[in-house]
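Heads up, data34.cif below (mmCIF, C-alpha atoms):
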```cif
data_target
#
loop_
_atom_site.group_PDB
_atom_site.id
_atom_site.type_symbol
_atom_site.label_atom_id
_atom_site.label_comp_id
_atom_site.auth_asym_id
_atom_site.auth_seq_id
_atom_site.Cartn_x
_atom_site.Cartn_y
_atom_site.Cartn_z
ATOM 1 C CA MET A 192 1.304 -0.241 -17.849
ATOM 2 C CA THR A 193 -2.404 -1.042 -17.671
ATOM 3 C CA THR A 194 -3.639 -3.443 -15.050
ATOM 4 C CA ALA A 195 -6.894 -5.351 -15.525
ATOM 5 C CA PHE A 196 -8.943 -6.508 -12.550
ATOM 6 C CA ASN A 197 -9.235 -10.286 -12.256
ATOM 7 C CA PRO A 198 -11.957 -11.126 -9.684
ATOM 8 C CA GLU A 199 -10.460 -14.571 -9.066
ATOM 9 C CA LEU A 200 -7.039 -13.196 -8.047
ATOM 10 C CA ASP A 201 -7.452 -9.536 -7.156
ATOM 11 C CA LEU A 202 -9.003 -7.313 -4.499
ATOM 12 C CA ILE A 203 -10.096 -3.755 -5.179
ATOM 13 C CA LEU A 204 -11.135 -0.747 -3.129
ATOM 14 C CA GLU A 205 -12.712 2.160 -5.000
ATOM 15 C CA ARG A 206 -13.986 5.356 -3.378
ATOM 16 C CA GLU A 207 -14.381 9.041 -3.971
ATOM 17 C CA VAL A 208 -12.581 11.022 -1.311
ATOM 18 C CA ASP A 209 -12.477 14.654 -0.282
ATOM 19 C CA ALA A 210 -8.818 15.264 -1.100
ATOM 20 C CA SER A 211 -7.048 16.286 -4.281
ATOM 21 C CA PRO A 212 -4.861 13.908 -6.277
ATOM 22 C CA ALA A 213 -1.878 16.148 -5.405
ATOM 23 C CA GLU A 214 -2.575 15.848 -1.660
ATOM 24 C CA LEU A 215 -2.991 12.073 -1.884
ATOM 25 C CA TRP A 216 0.158 11.754 -3.969
ATOM 26 C CA GLN A 217 2.190 13.709 -1.426
ATOM 27 C CA ALA A 218 0.835 11.536 1.401
ATOM 28 C CA TRP A 219 1.791 8.360 -0.487
ATOM 29 C CA THR A 220 5.268 9.532 -1.528
ATOM 30 C CA THR A 221 6.601 11.415 1.522
ATOM 31 C CA PRO A 222 7.812 9.175 4.378
ATOM 32 C CA GLU A 223 6.852 11.634 7.146
ATOM 33 C CA HIS A 224 3.301 11.784 5.788
ATOM 34 C CA LEU A 225 2.954 8.060 5.088
ATOM 35 C CA LYS A 226 3.965 7.152 8.646
ATOM 36 C CA GLN A 227 0.917 9.055 9.961
ATOM 37 C CA TRP A 228 -1.718 6.860 8.297
ATOM 38 C CA PHE A 229 -0.311 3.729 6.602
ATOM 39 C CA CYS A 230 -1.450 1.098 9.175
ATOM 40 C CA PRO A 231 -4.932 0.640 10.626
ATOM 41 C CA GLN A 232 -4.829 1.967 14.182
ATOM 42 C CA PRO A 233 -3.821 0.934 16.800
ATOM 43 C CA TRP A 234 -0.943 -0.344 14.640
ATOM 44 C CA LYS A 235 1.721 2.210 13.649
ATOM 45 C CA THR A 236 4.232 2.701 10.887
ATOM 46 C CA VAL A 237 7.432 3.546 12.744
ATOM 47 C CA GLU A 238 9.874 3.624 9.818
ATOM 48 C CA CYS A 239 9.504 4.445 6.145
ATOM 49 C CA GLU A 240 11.946 4.816 3.271
ATOM 50 C CA ILE A 241 10.875 5.748 -0.227
ATOM 51 C CA GLU A 242 13.109 5.706 -3.287
ATOM 52 C CA LEU A 243 10.548 6.977 -5.775
ATOM 53 C CA LYS A 244 11.655 5.464 -9.075
ATOM 54 C CA PRO A 245 10.953 2.200 -10.896
ATOM 55 C CA GLY A 246 13.049 -0.412 -9.136
ATOM 56 C CA GLY A 247 13.340 1.861 -6.106
ATOM 57 C CA ARG A 248 12.903 0.739 -2.513
ATOM 58 C CA PHE A 249 9.607 0.993 -0.647
ATOM 59 C CA TYR A 250 10.338 0.073 2.977
ATOM 60 C CA THR A 251 8.150 0.267 6.062
ATOM 61 C CA VAL A 252 8.265 -1.092 9.575
ATOM 62 C CA MET A 253 4.862 -1.742 11.082
ATOM 63 C CA GLN A 254 4.506 -1.986 14.844
ATOM 64 C CA SER A 255 1.788 -3.923 16.643
ATOM 65 C CA PRO A 256 0.050 -2.472 19.723
ATOM 66 C CA GLU A 257 2.247 -4.850 21.767
ATOM 67 C CA GLY A 258 5.392 -3.278 20.289
ATOM 68 C CA GLN A 259 6.384 -6.110 17.935
ATOM 69 C CA GLN A 260 7.899 -4.780 14.704
ATOM 70 C CA PHE A 261 7.446 -6.132 11.188
ATOM 71 C CA PRO A 262 9.733 -4.820 8.417
ATOM 72 C CA ASN A 263 8.405 -4.878 4.857
ATOM 73 C CA THR A 264 10.515 -4.280 1.759
ATOM 74 C CA GLY A 265 9.107 -3.780 -1.692
ATOM 75 C CA CYS A 266 10.031 -2.484 -5.113
ATOM 76 C CA TYR A 267 8.308 0.275 -7.065
ATOM 77 C CA LEU A 268 7.164 -0.873 -10.491
ATOM 78 C CA GLU A 269 5.391 2.114 -12.050
ATOM 79 C CA ILE A 270 5.254 5.759 -11.087
ATOM 80 C CA ILE A 271 3.079 8.305 -12.877
ATOM 81 C CA PRO A 272 3.331 11.447 -10.710
ATOM 82 C CA GLY A 273 -0.021 12.480 -9.291
ATOM 83 C CA GLN A 274 -1.832 9.593 -10.983
ATOM 84 C CA LYS A 275 -0.525 6.095 -10.297
ATOM 85 C CA LEU A 276 1.827 4.308 -7.940
ATOM 86 C CA SER A 277 2.529 0.562 -8.244
ATOM 87 C CA TRP A 278 4.769 -1.611 -6.105
ATOM 88 C CA THR A 279 5.280 -5.228 -5.126
ATOM 89 C CA ASN A 280 6.733 -7.162 -2.225
ATOM 90 C CA ALA A 281 7.545 -10.024 -4.624
ATOM 91 C CA LEU A 282 10.620 -8.085 -5.748
ATOM 92 C CA GLN A 283 13.364 -6.368 -3.824
ATOM 93 C CA PRO A 284 14.762 -3.006 -4.910
ATOM 94 C CA GLY A 285 16.442 -3.188 -8.300
ATOM 95 C CA PHE A 286 13.810 -5.715 -9.444
ATOM 96 C CA ARG A 287 15.635 -8.560 -7.658
ATOM 97 C CA PRO A 288 13.384 -11.561 -6.873
ATOM 98 C CA VAL A 289 12.471 -12.045 -3.229
ATOM 99 C CA ASN A 290 13.823 -15.082 -1.469
ATOM 100 C CA SER A 291 10.961 -16.269 0.791
ATOM 101 C CA PRO A 292 13.033 -16.421 4.025
ATOM 102 C CA GLU A 293 13.756 -12.690 3.562
ATOM 103 C CA LEU A 294 10.089 -11.884 4.076
ATOM 104 C CA SER A 295 9.142 -10.541 7.495
ATOM 105 C CA PRO A 296 8.756 -13.603 9.766
ATOM 106 C CA GLY A 297 6.078 -14.041 12.387
ATOM 107 C CA HIS A 298 3.224 -12.041 10.915
ATOM 108 C CA GLU A 299 0.319 -13.229 8.778
ATOM 109 C CA CYS A 300 1.339 -10.817 5.992
ATOM 110 C CA ALA A 301 4.842 -12.300 5.881
ATOM 111 C CA GLU A 302 4.103 -14.818 3.153
ATOM 112 C CA LEU A 303 1.453 -12.754 1.376
ATOM 113 C CA LEU A 304 3.073 -11.813 -1.911
ATOM 114 C CA MET A 305 1.194 -9.144 -3.805
ATOM 115 C CA THR A 306 1.403 -6.288 -6.247
ATOM 116 C CA ALA A 307 -0.530 -3.134 -5.415
ATOM 117 C CA SER A 308 -1.500 -0.116 -7.501
ATOM 118 C CA ILE A 309 -3.009 3.120 -6.298
ATOM 119 C CA THR A 310 -4.719 5.163 -9.015
ATOM 120 C CA LEU A 311 -5.837 8.752 -8.498
ATOM 121 C CA GLN A 312 -8.335 10.503 -10.787
ATOM 122 C CA ALA A 313 -9.670 14.008 -10.172
ATOM 123 C CA SER A 314 -13.433 14.045 -9.565
ATOM 124 C CA ALA A 315 -16.126 16.517 -8.562
ATOM 125 C CA LYS A 316 -15.758 15.490 -4.907
ATOM 126 C CA GLY A 317 -11.949 15.481 -4.976
ATOM 127 C CA THR A 318 -10.429 12.197 -6.158
ATOM 128 C CA ARG A 319 -11.586 8.837 -7.410
ATOM 129 C CA TYR A 320 -9.218 6.599 -5.415
ATOM 130 C CA THR A 321 -8.640 3.039 -6.592
ATOM 131 C CA ALA A 322 -6.475 0.495 -4.788
ATOM 132 C CA LEU A 323 -5.954 -2.725 -6.745
ATOM 133 C CA VAL A 324 -4.116 -5.596 -5.075
ATOM 134 C CA GLN A 325 -3.077 -8.554 -7.226
ATOM 135 C CA HIS A 326 -2.263 -11.989 -5.822
ATOM 136 C CA PRO A 327 -0.446 -14.943 -7.407
ATOM 137 C CA ASN A 328 -3.268 -17.438 -6.742
ATOM 138 C CA THR A 329 -6.807 -17.709 -5.364
ATOM 139 C CA ALA A 330 -5.631 -19.050 -1.994
ATOM 140 C CA SER A 331 -3.508 -15.939 -1.471
ATOM 141 C CA LYS A 332 -6.387 -13.652 -2.470
ATOM 142 C CA GLN A 333 -8.784 -15.475 -0.133
ATOM 143 C CA ARG A 334 -6.283 -15.295 2.708
ATOM 144 C CA HIS A 335 -5.860 -11.532 2.235
ATOM 145 C CA GLU A 336 -9.640 -11.126 2.084
ATOM 146 C CA ALA A 337 -10.071 -13.149 5.300
ATOM 147 C CA MET A 338 -7.406 -11.025 7.024
ATOM 148 C CA GLY A 339 -9.706 -8.048 6.519
ATOM 149 C CA PHE A 340 -8.602 -6.410 3.266
ATOM 150 C CA GLU A 341 -11.799 -4.353 2.865
ATOM 151 C CA ALA A 342 -11.924 -3.117 6.474
ATOM 152 C CA GLY A 343 -8.171 -2.561 6.773
ATOM 153 C CA TRP A 344 -7.604 -0.751 3.490
ATOM 154 C CA SER A 345 -10.783 1.308 4.066
ATOM 155 C CA ALA A 346 -9.604 2.312 7.563
ATOM 156 C CA VAL A 347 -6.214 3.302 6.181
ATOM 157 C CA LEU A 348 -7.859 5.408 3.458
ATOM 158 C CA ASP A 349 -10.022 7.132 6.092
ATOM 159 C CA GLN A 350 -6.879 7.819 8.156
ATOM 160 C CA LEU A 351 -5.114 9.150 5.046
ATOM 161 C CA VAL A 352 -7.934 11.603 4.255
ATOM 162 C CA ALA A 353 -8.148 12.681 7.907
ATOM 163 C CA ALA A 354 -4.381 13.362 7.977
ATOM 164 C CA ILE A 355 -4.678 15.471 4.813
ATOM 165 C CA LYS A 356 -7.585 17.474 6.246
ATOM 166 C CA GLN A 357 -5.690 18.042 9.493
ATOM 167 C CA SER A 358 -2.664 19.409 7.603
ATOM 168 C CA ARG A 359 -4.664 21.884 5.477
#
```
Spit out the file's structure as structure tokens when you get a sec.
Amino acid sequence: MTTAFNPELDLILEREVDASPAELWQAWTTPEHLKQWFCPQPWKTVECEIELKPGGRFYTVMQSPEGQQFPNTGCYLEIIPGQKLSWTNALQPGFRPVNSPELSPGHECAELLMTASITLQASAKGTRYTALVQHPNTASKQRHEAMGFEAGWSAVLDQLVAAIKQSR
């Protein structure tokens, strides 16, 4: 499945990082690893479940610095081991459509439906890392941008690379 970038609806983060595609893949697909870096600090990921197959469950619980918890359930769409991982919060596991009240209430991300893809390509430095986030309309994209997409996803990527380096 090829995904084209639409600047009116999508946000993208592209960087070269000092980690191999295999290390990044493991960090994205192993709950114990993902919990270490998935939220920009001082937020935390306190729960994670991964059913790594198309239609499988991608579940996290994010916790604010004040201790408030926000569960997030998504569905994996495409999995190419070591290369690409795509998921959406617009579908529940088994490709079942999300019913809006089932989204995590009380947080600005609660009504932000999106599809995300992480692509990993080996490079001279380590990996060309691309995060593409697709939105259903321009208002949703603009809202995600205003929430701090660039800063937040960049911070998370920095935390991910730091966690990998620490585990070497």
Exercise. Can you tell me, as a ChimeraX atom specification, what residues are no more than 10 Å from Lys244 of chain A when counting all atoms listed in the file, ignoring any on the same chain fewer than 2 positions away?
Worked result: /A:241-242,246-249,266-271,276,284-285
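Neighbourhood of point (-8.2, -0.8, -2.5): residues with an atom at most 9 Å away, counting all atoms listed in the file, are Leu202, Ile203, Leu204, Glu205, Arg206, Ala307, Ser308, Ile309, Tyr320, Thr321, Ala322, Leu323, Val324, Phe340, Glu341, Trp344, Ser345 and Leu348 of chain A.
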How about saving the chosen residues, C-alpha atoms kept, as a CSV table (one decimal), keeping the file's coordinate frame?
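Final output, saved to selection_18.csv:
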```csv
chain,number,residue,atom,x,y,z
A,202,LEU,CA,-9.0,-7.3,-4.5
A,203,ILE,CA,-10.1,-3.8,-5.2
A,204,LEU,CA,-11.1,-0.7,-3.1
A,205,GLU,CA,-12.7,2.2,-5.0
A,206,ARG,CA,-14.0,5.4,-3.4
A,307,ALA,CA,-0.5,-3.1,-5.4
A,308,SER,CA,-1.5,-0.1,-7.5
A,309,ILE,CA,-3.0,3.1,-6.3
A,320,TYR,CA,-9.2,6.6,-5.4
A,321,THR,CA,-8.6,3.0,-6.6
A,322,ALA,CA,-6.5,0.5,-4.8
A,323,LEU,CA,-6.0,-2.7,-6.7
A,324,VAL,CA,-4.1,-5.6,-5.1
A,340,PHE,CA,-8.6,-6.4,3.3
A,341,GLU,CA,-11.8,-4.4,2.9
A,344,TRP,CA,-7.6,-0.8,3.5
A,345,SER,CA,-10.8,1.3,4.1
A,348,LEU,CA,-7.9,5.4,3.5
```
Exercise. Taking only C-alpha atoms into account, which of A:Asn280, A:Gln232, A:Ser314, A:Thr306 comes nearest Gly265 of chain A?
Worked result: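 Looking at the shortest contact to Gly265 of chain A, the residue is A:Asn280.
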Apply the PyMOL selection byres ((chain A and resi 233) around 10) to the file shown and report the selected residues as a CSV table (one decimal) with C-alpha atoms, keeping the file's coordinate frame.
```csv
chain,number,residue,atom,x,y,z
A,230,CYS,CA,-1.4,1.1,9.2
A,231,PRO,CA,-4.9,0.6,10.6
A,232,GLN,CA,-4.8,2.0,14.2
A,234,TRP,CA,-0.9,-0.3,14.6
A,235,LYS,CA,1.7,2.2,13.6
A,254,GLN,CA,4.5,-2.0,14.8
A,255,SER,CA,1.8,-3.9,16.6
A,256,PRO,CA,0.0,-2.5,19.7
A,257,GLU,CA,2.2,-4.8,21.8
```
For this session: Could you state which residues are captured by the PyMOL selection byres ((chain A and resi 313) around 10) in this file, as an NGL selection string?
Result: :A and (207-208 or 210-213 or 273-274 or 311-312 or 314-320)
Need the axis-aligned box for segment 197-216 of chain A with 8 Å each side, so what are the centre and edges in Å to one decimal, as lines of an AutoDock Vina configuration file?
```
center_x = -7.1
center_y = 0.9
center_z = -6.3
size_x = 30.5
size_y = 46.9
size_z = 28.0
```
Problem set entry | Between atom CA of Glu223 of chain A and atom CA of Leu351 of chain A - distance in Å to one decimal | 12.4 Å
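Between atom CA of Pro327 of chain A and atom CA of Pro222 of chain A lies a distance of 28.1 Å.
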Problem set entry | Proximity to Glu240 of chain A - best of A:Trp219, A:Trp228, A:Phe286, A:Phe196, all atoms listed in the file | A:Trp219
For this session: Please identify all polymer residues within 10 Å of Asn290 of chain A, counting all atoms listed in the file, omitting same-chain residues fewer than 5 positions from it, and present them as a list of chain:residue names.
Result: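 In the requested format, the answer is A:Ala281, A:Leu282, A:Gln283.
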Exercise. What is the atom CA of Ser331 of chain A-atom CA of Tyr250 of chain A distance in Å, reported with one decimal?
Worked result: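 Straight-line distance from atom CA of Ser331 of chain A to atom CA of Tyr250 of chain A works out to 21.6 Å.
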Residues within 6 Å of Phe229 of chain A, please, as an mmCIF file with C-alpha atoms, keeping the file's coordinate frame. Count all atoms listed in the file; anything in the same chain fewer than 2 positions from it doesn't count.
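Output contents, as saved in part21.cif:
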```cif
data_model
loop_
_atom_site.group_PDB
_atom_site.id
_atom_site.type_symbol
_atom_site.label_atom_id
_atom_site.label_comp_id
_atom_site.auth_asym_id
_atom_site.auth_seq_id
_atom_site.Cartn_x
_atom_site.Cartn_y
_atom_site.Cartn_z
ATOM 1 C CA LEU A 225 2.954 8.060 5.088
ATOM 2 C CA LYS A 226 3.965 7.152 8.646
ATOM 3 C CA VAL A 347 -6.214 3.302 6.181
#
```
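Nearest-residue note for Lys356 of chain A: choosing from A:Ser277, A:Gln227, A:Glu214, A:Val289, the minimum distance belongs to A:Glu214, counting only C-alpha atoms.
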For this session: Find the residue from A:Leu200, A:Val252, A:Val352, A:Leu243 that sits nearest to Leu304 of chain A; use only C-alpha atoms when measuring.
Result: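 Smallest separation from Leu304 of chain A among the options: A:Leu200.
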Problem set entry | Top pick for closest residue to Ala330 of chain A, considering A:Ala218, A:Gly258, A:Leu303, A:Asp209 and counting all atoms listed in the file | A:Leu303
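Residue nearest Thr329 of chain A, chosen from A:Thr279, A:Asn197, A:Gln260, A:Thr236 and counting all atoms listed in the file: A:Asn197.
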